[in-house]
>>> print(open('entry26.cif').read())   # mmCIF, C-alpha atoms
data_input
loop_
_atom_site.label_atom_id
_atom_site.label_comp_id
_atom_site.auth_asym_id
_atom_site.auth_seq_id
_atom_site.Cartn_x
_atom_site.Cartn_y
_atom_site.Cartn_z
CA MET A 457 -11.75 -1.53 -25.63
CA ALA A 458 -15.20 -0.18 -26.58
CA ALA A 459 -15.79 -2.99 -29.05
CA ALA A 460 -14.63 -5.61 -26.57
CA CYS A 461 -16.92 -4.25 -23.83
CA GLU A 462 -19.87 -3.96 -26.20
CA SER A 463 -19.44 -7.54 -27.34
CA LEU A 464 -19.77 -8.68 -23.73
CA GLY A 465 -23.23 -7.12 -23.51
CA ARG A 466 -23.14 -6.70 -19.72
CA GLN A 467 -21.49 -4.60 -17.06
CA VAL A 468 -17.79 -5.32 -16.66
CA ASN A 469 -16.16 -4.69 -13.29
CA ILE A 470 -12.39 -4.30 -13.08
CA MET A 471 -10.81 -3.87 -9.67
CA GLU A 472 -7.55 -2.04 -9.08
CA VAL A 473 -5.66 -3.06 -5.96
CA CYS A 474 -3.20 -0.23 -5.60
CA GLY A 475 -3.66 3.20 -4.04
CA THR A 476 -1.41 4.87 -6.59
CA HIS A 477 -3.55 3.48 -9.42
CA THR A 478 -6.66 4.79 -7.65
CA VAL A 479 -5.23 8.32 -7.51
CA SER A 480 -3.88 8.20 -11.06
CA ILE A 481 -7.24 7.00 -12.45
CA PHE A 482 -8.96 9.97 -10.87
CA ARG A 483 -6.24 12.45 -11.55
CA ASN A 484 -6.26 11.64 -15.25
CA GLY A 485 -10.03 11.44 -15.57
CA ILE A 486 -9.74 7.91 -16.91
CA ARG A 487 -13.32 6.98 -15.97
CA SER A 488 -14.57 9.62 -18.40
CA VAL A 489 -13.11 7.84 -21.42
CA LEU A 490 -14.27 4.34 -20.54
CA PRO A 491 -17.12 2.50 -22.27
CA PRO A 492 -20.40 2.99 -20.35
CA ASN A 493 -20.60 -0.64 -19.26
CA LEU A 494 -17.05 -0.71 -17.85
CA LYS A 495 -16.83 0.03 -14.14
CA LEU A 496 -13.66 0.47 -12.12
CA LEU A 497 -13.69 -0.65 -8.50
CA SER A 498 -11.07 0.49 -5.99
CA GLY A 499 -10.11 -2.60 -4.04
CA PRO A 500 -8.00 -3.22 -0.95
CA GLY A 501 -4.87 -1.55 -2.32
CA CYS A 502 -4.20 1.15 0.24
CA PRO A 503 -2.30 -0.18 3.26
CA VAL A 504 -3.82 2.34 5.63
CA CYS A 505 -7.33 1.49 4.47
CA VAL A 506 -7.08 -2.27 4.89
CA THR A 507 -5.61 -2.11 8.40
CA ASP A 508 -8.35 -3.29 10.72
CA GLN A 509 -9.74 -1.20 13.54
CA GLY A 510 -8.47 -3.60 16.23
CA TYR A 511 -4.88 -2.94 15.15
CA ILE A 512 -5.44 0.85 15.10
CA ASP A 513 -6.90 0.73 18.61
CA THR A 514 -3.94 -1.37 19.81
CA VAL A 515 -1.52 1.27 18.49
CA LEU A 516 -3.50 3.99 20.27
CA GLN A 517 -3.36 2.07 23.54
CA LEU A 518 0.40 1.64 23.23
CA ALA A 519 0.71 5.37 22.54
CA ASP A 520 -0.58 5.96 26.09
CA ARG A 521 2.51 4.35 27.60
CA GLU A 522 5.05 6.78 29.01
CA ASP A 523 7.90 4.29 28.54
CA CYS A 524 7.37 3.93 24.78
CA LEU A 525 7.86 5.87 21.57
CA ILE A 526 5.56 5.07 18.65
CA ALA A 527 7.31 5.30 15.27
CA THR A 528 4.84 5.42 12.39
CA TYR A 529 4.63 6.27 8.71
CA GLY A 530 2.82 9.58 8.31
CA ASP A 531 -0.15 7.97 6.54
CA MET A 532 -1.27 6.30 9.73
CA ILE A 533 -1.45 9.19 12.14
CA ARG A 534 -4.86 10.52 11.15
CA VAL A 535 -6.73 7.20 11.14
CA PRO A 536 -9.38 7.56 13.81
CA GLY A 537 -9.58 5.01 16.58
CA ASN A 538 -12.63 4.68 18.78
CA ASP A 539 -12.23 8.10 20.33
CA ARG A 540 -9.07 9.68 18.87
CA SER A 541 -6.23 9.29 16.38
CA LEU A 542 -2.45 9.23 16.70
CA GLU A 543 -2.55 12.79 15.45
CA THR A 544 -4.32 13.90 18.57
CA LYS A 545 -1.65 11.94 20.38
CA GLN A 546 1.03 13.68 18.38
CA ALA A 547 0.77 16.68 20.67
CA LYS A 548 2.46 14.27 23.03
CA PRO A 549 6.12 13.77 22.30
CA ASN A 550 5.87 9.98 22.17
CA VAL A 551 4.45 9.66 18.62
CA LYS A 552 7.09 10.13 15.95
CA VAL A 553 6.51 10.16 12.20
CA VAL A 554 9.25 8.32 10.31
CA LEU A 555 9.94 8.06 6.59
CA SER A 556 11.48 4.62 6.78
CA SER A 557 11.92 1.65 9.06
CA GLU A 558 15.58 2.67 9.34
CA ASP A 559 14.51 5.94 10.96
CA ALA A 560 12.47 3.95 13.47
CA LEU A 561 15.48 1.82 14.39
CA GLN A 562 17.64 4.94 14.66
CA LEU A 563 15.07 6.37 17.05
CA ALA A 564 15.60 3.32 19.25
CA ARG A 565 19.38 3.77 19.14
CA ASP A 566 18.97 7.44 20.05
CA HIS A 567 16.53 6.78 22.93
CA PRO A 568 17.89 3.79 24.87
CA ASP A 569 15.65 4.71 27.81
CA LYS A 570 12.46 4.15 25.78
CA THR A 571 10.99 1.18 23.94
CA VAL A 572 10.44 2.16 20.32
CA ILE A 573 7.44 0.46 18.71
CA PHE A 574 7.43 0.60 14.92
CA VAL A 575 3.92 0.58 13.43
CA ALA A 576 4.76 -1.91 10.70
CA VAL A 577 1.97 -1.75 8.13
CA GLY A 578 1.93 -2.13 4.37
CA PHE A 579 1.99 -4.83 1.75
CA GLU A 580 4.88 -6.81 0.32
CA THR A 581 6.42 -3.54 -0.89
CA THR A 582 7.02 -2.33 2.66
CA ALA A 583 7.49 -5.60 4.54
CA PRO A 584 11.09 -6.21 3.34
CA ALA A 585 12.13 -2.81 4.73
CA THR A 586 10.77 -3.88 8.12
CA ALA A 587 12.54 -7.24 7.86
CA VAL A 588 15.88 -5.55 7.19
CA VAL A 589 15.73 -3.47 10.36
CA VAL A 590 14.53 -6.36 12.52
CA LYS A 591 17.63 -8.24 11.39
CA GLU A 592 19.79 -5.18 12.08
CA ALA A 593 18.26 -4.79 15.52
CA ALA A 594 18.97 -8.47 16.23
CA ALA A 595 22.57 -8.21 15.00
CA GLU A 596 23.24 -5.08 17.05
CA SER A 597 21.08 -6.15 20.00
CA VAL A 598 18.98 -3.00 19.91
CA ASP A 599 16.71 -4.53 22.51
CA ASN A 600 14.56 -1.45 23.03
CA PHE A 601 13.24 -1.80 19.46
CA CYS A 602 10.18 -3.79 18.46
CA ILE A 603 7.57 -3.87 15.73
CA LEU A 604 3.82 -4.27 15.72
CA SER A 605 3.44 -6.20 12.51
CA GLY A 606 0.29 -5.53 10.55
CA HIS A 607 1.95 -6.33 7.22
CA LYS A 608 -0.46 -7.83 4.71
CA LEU A 609 -0.22 -10.02 1.62
CA VAL A 610 -2.11 -9.01 -1.49
CA VAL A 611 -2.80 -12.35 -3.18
CA PRO A 612 -4.72 -13.92 -0.23
CA ALA A 613 -6.96 -10.80 -0.18
CA MET A 614 -7.67 -11.17 -3.90
CA ARG A 615 -8.53 -14.83 -3.33
CA ALA A 616 -10.84 -13.89 -0.44
CA LEU A 617 -12.64 -11.30 -2.55
CA LEU A 618 -13.22 -13.78 -5.36
CA SER A 619 -14.35 -16.45 -2.91
CA SER A 620 -16.99 -14.21 -1.35
CA LYS A 621 -20.51 -14.86 -2.57
CA ASN A 622 -21.12 -11.14 -3.20
CA ASN A 623 -18.16 -10.73 -5.45
CA ASN A 624 -18.73 -8.93 -8.73
CA ILE A 625 -15.13 -8.72 -9.95
CA ASP A 626 -14.40 -9.70 -13.54
CA ALA A 627 -10.68 -8.92 -13.54
CA PHE A 628 -7.85 -7.32 -11.62
CA LEU A 629 -5.56 -4.49 -12.57
CA CYS A 630 -2.73 -5.78 -10.40
CA PRO A 631 -0.62 -3.47 -8.24
CA GLY A 632 2.59 -2.12 -9.74
CA HIS A 633 4.92 -1.76 -6.80
CA VAL A 634 3.80 -4.87 -4.92
CA SER A 635 4.53 -6.74 -8.14
CA VAL A 636 8.05 -5.31 -8.19
CA ILE A 637 8.66 -7.40 -5.07
CA ILE A 638 6.54 -10.51 -5.56
CA GLY A 639 6.82 -10.67 -9.37
CA TYR A 640 3.81 -10.86 -11.67
CA GLY A 641 4.08 -14.66 -11.55
CA ALA A 642 2.55 -14.49 -8.05
CA PHE A 643 -0.84 -13.70 -9.59
CA SER A 644 -0.86 -16.85 -11.73
CA GLU A 645 -2.92 -18.66 -9.09
CA ILE A 646 -5.73 -16.10 -9.48
CA THR A 647 -5.87 -16.66 -13.23
CA ARG A 648 -5.58 -20.43 -12.77
CA ASP A 649 -8.01 -20.97 -9.88
CA PHE A 650 -10.59 -18.26 -10.58
CA ARG A 651 -10.19 -17.73 -14.33
CA ARG A 652 -9.89 -13.96 -13.98
CA PRO A 653 -7.56 -11.79 -16.08
CA CYS A 654 -4.69 -10.33 -14.03
CA VAL A 655 -2.79 -7.52 -15.70
CA VAL A 656 0.03 -5.51 -14.14
CA ALA A 657 0.16 -1.91 -15.33
CA GLY A 658 2.28 1.18 -14.73
CA PHE A 659 0.89 4.36 -13.23
CA GLU A 660 0.77 6.73 -16.18
CA ALA A 661 -2.64 7.27 -17.79
CA VAL A 662 -1.63 5.58 -21.04
CA GLN A 663 -0.22 2.59 -19.17
CA ILE A 664 -3.42 2.17 -17.15
CA ILE A 665 -5.57 2.42 -20.26
CA GLU A 666 -3.36 -0.10 -22.04
CA GLY A 667 -3.83 -2.43 -19.08
CA LEU A 668 -7.62 -2.00 -19.16
CA CYS A 669 -7.65 -2.62 -22.93
CA GLU A 670 -5.74 -5.85 -22.43
CA ILE A 671 -8.20 -6.97 -19.75
CA CYS A 672 -11.21 -6.19 -21.97
CA ARG A 673 -9.61 -8.05 -24.86
CA GLN A 674 -9.10 -11.10 -22.63
CA LEU A 675 -12.66 -10.96 -21.31
CA SER A 676 -14.15 -10.70 -24.78
CA THR A 677 -12.16 -13.66 -26.06
CA GLY A 678 -12.90 -15.66 -22.92
CA GLU A 679 -9.21 -16.32 -22.35
CA PRO A 680 -8.17 -14.93 -19.00
CA ALA A 681 -4.42 -14.61 -18.71
CA LEU A 682 -1.65 -13.17 -16.65
CA LYS A 683 0.25 -10.32 -18.25
CA SER A 684 2.67 -7.59 -17.25
CA MET A 685 2.31 -4.37 -19.21
CA TYR A 686 4.98 -2.80 -17.01
CA PRO A 687 8.05 -4.77 -18.09
CA ALA A 688 10.48 -1.91 -17.45
CA VAL A 689 10.00 -2.42 -13.71
CA VAL A 690 8.08 -5.64 -13.00
CA THR A 691 9.55 -9.03 -13.78
CA GLU A 692 7.97 -12.46 -13.48
CA LYS A 693 9.97 -13.50 -10.44
CA GLY A 694 10.22 -10.09 -8.74
CA ASN A 695 12.89 -9.06 -6.27
CA ILE A 696 14.25 -12.34 -4.91
CA ALA A 697 16.45 -10.70 -2.26
CA ALA A 698 13.41 -8.88 -0.86
CA GLN A 699 11.27 -12.04 -0.89
CA LYS A 700 14.02 -13.88 0.93
CA MET A 701 14.21 -11.11 3.51
CA ILE A 702 10.44 -11.35 4.15
CA ASP A 703 10.62 -15.12 4.38
CA GLU A 704 13.53 -15.14 6.82
CA CYS A 705 11.81 -12.78 9.27
CA PHE A 706 8.12 -13.43 8.84
CA GLU A 707 5.61 -16.22 8.47
CA PRO A 708 2.10 -15.83 7.04
CA VAL A 709 -0.69 -16.24 9.60
CA ASP A 710 -4.44 -15.67 9.53
CA GLY A 711 -5.17 -11.98 9.88
CA ASP A 712 -7.99 -9.44 10.07
CA TRP A 713 -8.67 -7.01 7.27
CA ARG A 714 -11.02 -4.09 7.27
CA GLY A 715 -14.15 -5.10 5.42
CA LEU A 716 -12.86 -8.51 4.43
CA GLY A 717 -12.76 -10.13 7.86
CA THR A 718 -10.21 -12.78 8.75
CA ILE A 719 -8.25 -14.08 5.79
CA GLU A 720 -6.21 -17.24 5.96
CA LYS A 721 -2.44 -16.79 5.84
CA SER A 722 -2.72 -13.14 4.83
CA THR A 723 -0.81 -11.30 7.55
CA LEU A 724 2.89 -11.43 8.36
CA LYS A 725 3.94 -12.35 11.88
CA LEU A 726 7.56 -12.30 13.07
CA ARG A 727 9.15 -15.74 13.19
CA GLU A 728 9.86 -17.23 16.61
CA GLU A 729 13.57 -16.45 16.50
CA TYR A 730 12.65 -12.73 16.40
CA ASP A 731 10.10 -12.97 19.22
CA ARG A 732 11.89 -10.39 21.31
CA PHE A 733 11.18 -7.77 18.62
CA ASP A 734 7.49 -8.64 18.46
CA ALA A 735 5.47 -5.93 20.20
CA PHE A 736 2.45 -8.25 20.45
CA LYS A 737 4.53 -10.62 22.58
CA ARG A 738 6.51 -7.97 24.47
CA PHE A 739 3.36 -6.21 25.67
CA HIS A 740 1.18 -9.34 25.90
CA ILE A 741 -1.32 -7.83 23.49
CA ARG A 742 -4.43 -9.73 22.61
CA GLN A 743 -5.85 -7.67 19.82
CA SER A 744 -9.45 -6.81 20.45
CA PRO A 745 -12.03 -7.91 17.88
CA SER A 746 -12.32 -5.54 15.00
CA LYS A 747 -15.22 -3.14 15.33
CA GLU A 748 -15.73 -0.58 12.62
CA ARG A 749 -16.94 2.90 13.41
CA HIS A 750 -20.68 3.40 13.34
CA GLY A 751 -22.05 4.07 9.87
CA CYS A 752 -18.64 3.80 8.18
CA ARG A 753 -18.79 1.69 5.00
CA CYS A 754 -15.08 1.62 4.19
CA GLY A 755 -15.30 -2.18 4.27
CA ASP A 756 -17.92 -2.24 1.49
CA VAL A 757 -15.86 0.26 -0.51
CA LEU A 758 -12.78 -1.94 -0.19
CA CYS A 759 -14.70 -4.99 -1.41
CA GLY A 760 -15.96 -3.07 -4.45
CA LEU A 761 -19.58 -3.42 -3.30
CA ILE A 762 -20.30 0.31 -3.25
CA ASP A 763 -18.75 3.51 -4.58
CA PRO A 764 -17.80 5.97 -1.80
CA PRO A 765 -20.71 8.40 -2.47
CA GLU A 766 -23.13 5.58 -1.59
CA CYS A 767 -21.93 5.78 2.03
CA LYS A 768 -24.22 8.06 4.03
CA LEU A 769 -21.27 9.64 5.83
CA PHE A 770 -19.42 10.50 2.62
CA GLY A 771 -18.79 14.20 2.09
CA GLN A 772 -21.13 15.15 4.93
CA ILE A 773 -19.83 13.76 8.17
CA CYS A 774 -16.72 12.15 6.68
CA THR A 775 -14.36 14.49 4.81
CA PRO A 776 -10.57 14.65 4.40
CA ARG A 777 -10.46 17.26 7.18
CA GLU A 778 -12.65 15.24 9.54
CA PRO A 779 -12.30 11.65 8.35
CA VAL A 780 -14.39 8.90 9.92
CA GLY A 781 -12.95 5.99 7.97
CA PRO A 782 -9.44 5.25 6.74
CA CYS A 783 -10.37 5.41 3.05
CA MET A 784 -10.95 9.13 3.59
CA VAL A 785 -7.75 9.58 5.59
CA SER A 786 -5.14 8.31 3.20
CA SER A 787 -4.51 10.33 0.05
CA GLU A 788 -4.39 6.93 -1.68
CA GLY A 789 -7.79 5.98 -0.30
CA ALA A 790 -10.78 5.58 -2.59
CA CYS A 791 -13.00 7.94 -0.56
CA ALA A 792 -10.37 10.72 -0.49
CA ALA A 793 -9.89 10.39 -4.25
CA TRP A 794 -13.67 10.48 -4.86
CA PHE A 795 -14.00 13.49 -2.55
CA LYS A 796 -11.23 15.37 -4.29
CA TYR A 797 -12.15 14.55 -7.88
CA GLY A 798 -15.76 13.50 -7.58
CA GLN A 799 -17.08 12.60 -10.98
CA GLU A 800 -14.85 15.13 -12.72
CA LYS A 801 -14.75 14.26 -16.36
CA ILE A 802 -12.03 16.58 -17.52
CA ARG A 803 -8.39 16.50 -16.59
CA THR A 804 -7.50 19.73 -14.84
CA MET B 854 2.42 4.58 1.28
CA CYS B 855 2.71 2.34 -1.73
CA LEU B 856 4.27 5.17 -3.67
CA ALA B 857 7.78 4.49 -4.91
CA VAL B 858 10.02 7.20 -6.29
CA PRO B 859 12.67 6.77 -8.98
CA ALA B 860 16.01 8.25 -7.98
CA ARG B 861 19.65 8.06 -9.02
CA ILE B 862 22.32 6.68 -6.72
CA VAL B 863 24.86 9.50 -6.29
CA GLU B 864 26.79 8.09 -3.32
CA LEU B 865 27.20 4.47 -2.29
CA GLU B 866 29.05 2.90 0.60
CA GLY B 867 28.15 -0.70 1.40
CA ASP B 868 24.36 -0.71 1.41
CA ARG B 869 24.09 2.94 2.37
CA ALA B 870 23.35 5.30 -0.47
CA VAL B 871 22.47 8.89 -1.16
CA VAL B 872 19.93 9.20 -3.95
CA ASP B 873 18.79 12.13 -6.09
CA ALA B 874 15.43 12.79 -7.71
CA LEU B 875 14.83 16.11 -9.45
CA GLY B 876 17.52 17.72 -7.30
CA ASN B 877 16.17 16.40 -3.99
CA ARG B 878 18.69 14.24 -2.19
CA TRP B 879 18.14 11.82 0.64
CA LYS B 880 19.56 8.70 2.24
CA ALA B 881 18.39 5.27 1.18
CA LYS B 882 19.51 1.69 1.62
CA THR B 883 20.31 -0.81 -1.09
CA THR B 884 20.10 -3.96 1.06
CA LEU B 885 17.25 -5.31 -1.09
CA LEU B 886 19.10 -4.65 -4.35
CA PRO B 887 22.61 -5.92 -3.68
CA GLU B 888 23.81 -5.68 -7.31
CA VAL B 889 23.25 -1.93 -7.54
CA LYS B 890 26.05 0.46 -8.66
CA LEU B 891 26.81 4.15 -8.38
CA GLY B 892 24.85 6.06 -11.04
CA ASP B 893 22.05 3.47 -11.32
CA LEU B 894 18.45 4.63 -11.42
CA VAL B 895 16.41 2.80 -8.82
CA LEU B 896 12.91 2.84 -7.40
CA ILE B 897 12.94 3.92 -3.75
CA HIS B 898 10.13 2.81 -1.47
CA ALA B 899 10.08 3.68 2.25
CA GLY B 900 13.81 4.36 2.28
CA PHE B 901 14.87 1.24 0.37
CA ALA B 902 15.82 0.67 -3.27
CA ILE B 903 13.52 -2.10 -4.50
CA SER B 904 14.17 -2.25 -8.24
CA LEU B 905 16.24 -0.90 -11.09
CA VAL B 906 14.29 1.39 -13.38
CA ASP B 907 15.04 2.79 -16.83
CA GLU B 908 15.36 6.48 -17.66
CA GLU B 909 12.09 6.68 -19.59
CA GLU B 910 10.05 5.04 -16.82
CA ALA B 911 11.68 7.30 -14.22
CA LYS B 912 10.68 10.41 -16.18
CA LYS B 913 7.07 9.22 -16.43
CA THR B 914 6.88 8.64 -12.69
CA TRP B 915 8.51 11.98 -11.83
CA GLN B 916 5.84 13.66 -13.92
CA LEU B 917 3.08 11.77 -12.07
CA ILE B 918 4.59 12.63 -8.69
CA ALA B 919 4.75 16.31 -9.63
CA GLU B 920 1.03 16.13 -10.44
CA ILE B 921 0.15 14.38 -7.20
CA SER B 922 2.14 16.99 -5.25
CA GLU B 923 0.04 19.67 -6.91
CA PHE B 924 -3.00 17.68 -5.82
CA ASP B 925 -1.75 17.59 -2.23
CA ASP B 926 -0.98 21.31 -2.24
CA THR B 927 -4.51 22.36 -3.10
CA PRO B 928 -6.71 23.94 -0.39
CA ASN B 929 -8.30 20.54 0.27
CA LYS B 930 -4.91 19.25 1.24
CA LEU B 931 -5.42 15.74 2.52
CA SER B 932 -2.44 15.46 4.77
CA GLY B 933 -3.68 18.19 7.02
#
>>> encode(input="entry26.cif", output="structure tokens")
Amino acid sequence: MAAACESLGRQVNIMEVCGTHTVSIFRNGIRSVLPPNLKLLSGPGCPVCVTDQGYIDTVLQLADREDCLIATYGDMIRVPGNDRSLETKQAKPNVKVVLSSEDALQLARDHPDKTVIFVAVGFETTAPATAVVVKEAAAESVDNFCILSGHKLVVPAMRALLSSKNNNIDAFLCPGHVSVIIGYGAFSEITRDFRRPCVVAGFEAVQIIEGLCEICRQLSTGEPALKSMYPAVVTEKGNIAAQKMIDECFEPVDGDWRGLGTIEKSTLKLREEYDRFDAFKRFHIRQSPSKERHGCRCGDVLCGLIDPPECKLFGQICTPREPVGPCMVSSEGACAAWFKYGQEKIRT
Amino acid sequence: MCLAVPARIVELEGDRAVVDALGNRWKAKTTLLPEVKLGDLVLIHAGFAISLVDEEEAKKTWQLIAEISEFDDTPNKLSG
């Protein structure tokens, strides 16, 4: 890897697009063993972090309704809205943390007098689980259940990053678990259209380093390619049943991302036949334009333009206990990982 | 949220399973992995089995999860 990087004679930027990779890279002190001209960027890989502020504020508004229960994954409850988070709402009994979409549907069965709104966020890994319960709700006519879909697709975000004029990304360390669903073949368009190496890696330190070595080798030979270094789990075609489930329930539409703006066909919306489970339609929600919190640079962090410590709020005003932006909230977020591990060189 | 946990299927009825990882047991669904059998090791994400996984890979991930749990249990605990 060192020889490959040295032969390039310039800074090399590799972006990981998976929160678990971000944490593992810090946890294992991987940055400390990299060649000096190799920089790792933490991209839009944490579902909580990429969810735009307009969506968060919509959830908070719905949480004010007495006739509703909000069912959310635990990661989302501390994300600050304009003046509060769901956690401050949690004192109220109408915000429920669930571990799966099934739990959210069960909540609806158990509370027929309330409308249960499932805060459906996450990438292709999580979207099939939402699709399954929407179908179940339709089959059983659980009419007091609905979802607020903020599900996002990874490949359109990677395309948007590479299409931006500020982009400084030489290659992607592709997400492991998203690839389980979509298959590593889904990244072939990035290699083809943008000539960037795309390598899928596991989460262990050695696997990540192997992935980075492969990327550096490709960059030095000038032959960007698509490769899975995680064959025990990720196949070329992915999980077909899960893809089919997503496709039957959802269609890709233009959607807002934190930091990346609106990206064409990047967000999953329920198909028309499932309209009655669409919280946007049920509550006539017109999502307000995304407005990030003052001074917060999570968007620049997600695009790989700055490292978290370059944000003025980092570590001072914005900490894991009092987060301002979502990248500090989620334990998979780049800011939280930087705060916890800083520039630690040695594995503890 | 994108974390997936390897676990073994110890009970299976239709698409409803009970899975076990390091002695922890919980309910999961196998709707997205219809070919799965009792005793298989699978990756569980948000309550659903999403992929088969081999023994060696499962052990690696369990190790990583144990380390992340330590991370979350420190005084700077991120989840509050």
>>> atom_distance(input="entry26.cif", atom1="atom CA of Leu617 of chain A", atom2="atom CA of Thr647 of chain A")
13.7 Å
>>> resolve_selection(input="entry26.cif", expression="the PyMOL selection byres ((chain A and resi 668) around 9)", output="PyMOL selection string")
chain A and resi 457+470+629+655+657+663-667+669-673
>>> atom_distance(input="entry26.cif", atom1="atom CA of Val506 of chain A", atom2="atom CA of Glu788 of chain A")
11.6 Å
>>> atom_distance(input="entry26.cif", atom1="atom CA of Lys725 of chain A", atom2="atom CA of Ser904 of chain B")
24.7 Å
>>> resolve_selection(input="entry26.cif", expression="the PyMOL selection byres ((chain B) within 6 of (chain A))", output="NGL selection string")
:B and (885 or 899-900 or 906 or 931)
>>> residues_around(input="entry26.cif", residues="Val872 of chain B", least_positions_apart="5", cutoff="8 Å", atoms="only C-alpha atoms", output="MDAnalysis selection string")
chainID B and resid 860:864 878:881
>>> resolve_selection(input="entry26.cif", expression="the PyMOL selection byres ((chain A and resi 537-541) around 9)", output="ChimeraX atom specification")
/A:509-510,512-513,516,532-536,542-546,747-749
>>> closest_residue(input="entry26.cif", among="A:Met685, A:Leu497, A:Val656, A:Ile625", to="Pro764 of chain A", atoms="all atoms listed in the file")
A:Leu497
